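S.K.: Let me begin by handing over the structure; questions about it come next.
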Amino acid sequence: MGKISKWFPPFTGVIFAILVIAIGILLGTGQDATKKTAAEIVDHYRNHGGKDTVGAILIVYAAASLIFFGGWLRRLLRDAEGPGGILSAVAFGGAVAFAAGGAVAGSIHLALPDLADDINPVALQAINGIDYDMFEFFPVGLGTLILATGISAVRHGALPRWLAWVSVVFGVLFFTPVFFIFFYVGPLWFLVIGIYGIMRVVREEPAPAAA
């Protein structure tokens with residue numbers, strides 16, 4: 001149990017990356033309500049209800065895994081910052097903000113396949129419009145997490161310097177119009193940080209005593 005408690009927290013970053021990729025495959029970019037009629041949107045969720053339901057449920061698991069990962073990342077950064085540092089807390093706050101936004105977004109998206117046969121198509125189109133524009137928790141949550149991590153790591157050395165600077169650049173990009181880059185390379189950041197954390201745990205494991 002002791003070993004699991006050490007390597008599982010950084011491993012949740014790998015889990016998060018895998019789930020985000022799976023969600024992207026299942027849900028795609030969504031249904032643009034300005035380009036499709038209410039009837040077309042209803043037909044989509046009737047015909048793809050299974051995929052959209054699974055994708056919406058996976059958002060819950062992704063959000064939960066990010067909270068665990070954020071807790072580990074906070075400890076990693078805090079150990080390097082010392083008791084007076086605040087960026088570790090800011091990074092964890094970003095994880096919580098994203099998880100909360102993800103839970104709301106997942107619930108809204110789950111309503112689409114669930115209600116496709118039960119409510120007025122125009123009402124479903126309105127829900128879909130909200131779902132399609134539900135993205136601001138990405139820069140607020142993940143942008144804050146990654147940027148705070150990068151700045152802290154540059155200043156205090158919790159991560160390799162190249163990875164710290166990449167995190168700063170990537171975090172800044174989240175607050176620009178090109179934040180959608182996350183959907184293509186964002187999971188890679190969590191995958192790399194997670195693997196780095198696992199390798200760090202392995203290196204810190206004491207060698208077995210000689211017989």
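Scheme for the structure tokens: letters A, B, ... for chains in order shown; per-chain residue numbers from 1; ligand numbers from 1 in order shown.
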Report the closest atom pair, with its distance in Å rounded to one decimal, for each residue of range 75-159 of chain A that has an atom no farther than 10 Å from range 19-33 of chain A; count only C-alpha atoms, sort by chain and then rising residue number, and write it as JSON lines.
M.R.:
```
{"residue": "A:His109", "atom": "CA", "partner": "A:Leu27", "partner_atom": "CA", "distance": 9.5}
{"residue": "A:Gln125", "atom": "CA", "partner": "A:Ala33", "partner_atom": "CA", "distance": 6.5}
{"residue": "A:Ala126", "atom": "CA", "partner": "A:Ala33", "partner_atom": "CA", "distance": 7.9}
{"residue": "A:Ile127", "atom": "CA", "partner": "A:Ala33", "partner_atom": "CA", "distance": 9.4}
{"residue": "A:Asn128", "atom": "CA", "partner": "A:Ala33", "partner_atom": "CA", "distance": 6.7}
{"residue": "A:Gly129", "atom": "CA", "partner": "A:Ala33", "partner_atom": "CA", "distance": 5.4}
{"residue": "A:Ile130", "atom": "CA", "partner": "A:Ala33", "partner_atom": "CA", "distance": 9.1}
{"residue": "A:Asp131", "atom": "CA", "partner": "A:Gly30", "partner_atom": "CA", "distance": 8.0}
{"residue": "A:Tyr132", "atom": "CA", "partner": "A:Gly30", "partner_atom": "CA", "distance": 5.9}
{"residue": "A:Asp133", "atom": "CA", "partner": "A:Asp32", "partner_atom": "CA", "distance": 9.0}
```
S.K.: Write down as a ChimeraX atom specification the residues of range 91-190 of chain A whose backbone DSSP state falls under alpha helix (DSSP H).
M.R.: /A:91-115,121-132,137,144-156,161-173,182-190
S.K.: Here is a test: counting only C-alpha atoms, which residue of A:Val168, A:Phe179, A:Lys6, A:Ser152 is nearest to Arg203 in chain A?
M.R.: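 That would be A:Lys6, the residue with the smallest distance to Arg203 in chain A.
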S.K.: From the list A:Val192, A:Ala153, A:Leu159, A:Ile146, which residue is nearest Phe174 in chain A when using only C-alpha atoms?
M.R.: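 The shortest atom-to-atom distance to Phe174 in chain A comes from A:Ile146.
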S.K.: Which residues are close to range 76-87 of chain A, i.e. within 8 Å by only C-alpha atoms, leaving aside same-chain residues fewer than 3 positions away? Reply as an MDAnalysis selection string.
M.R.: chainID A and resid 72:73 90:91 148:149 151:153 156:158
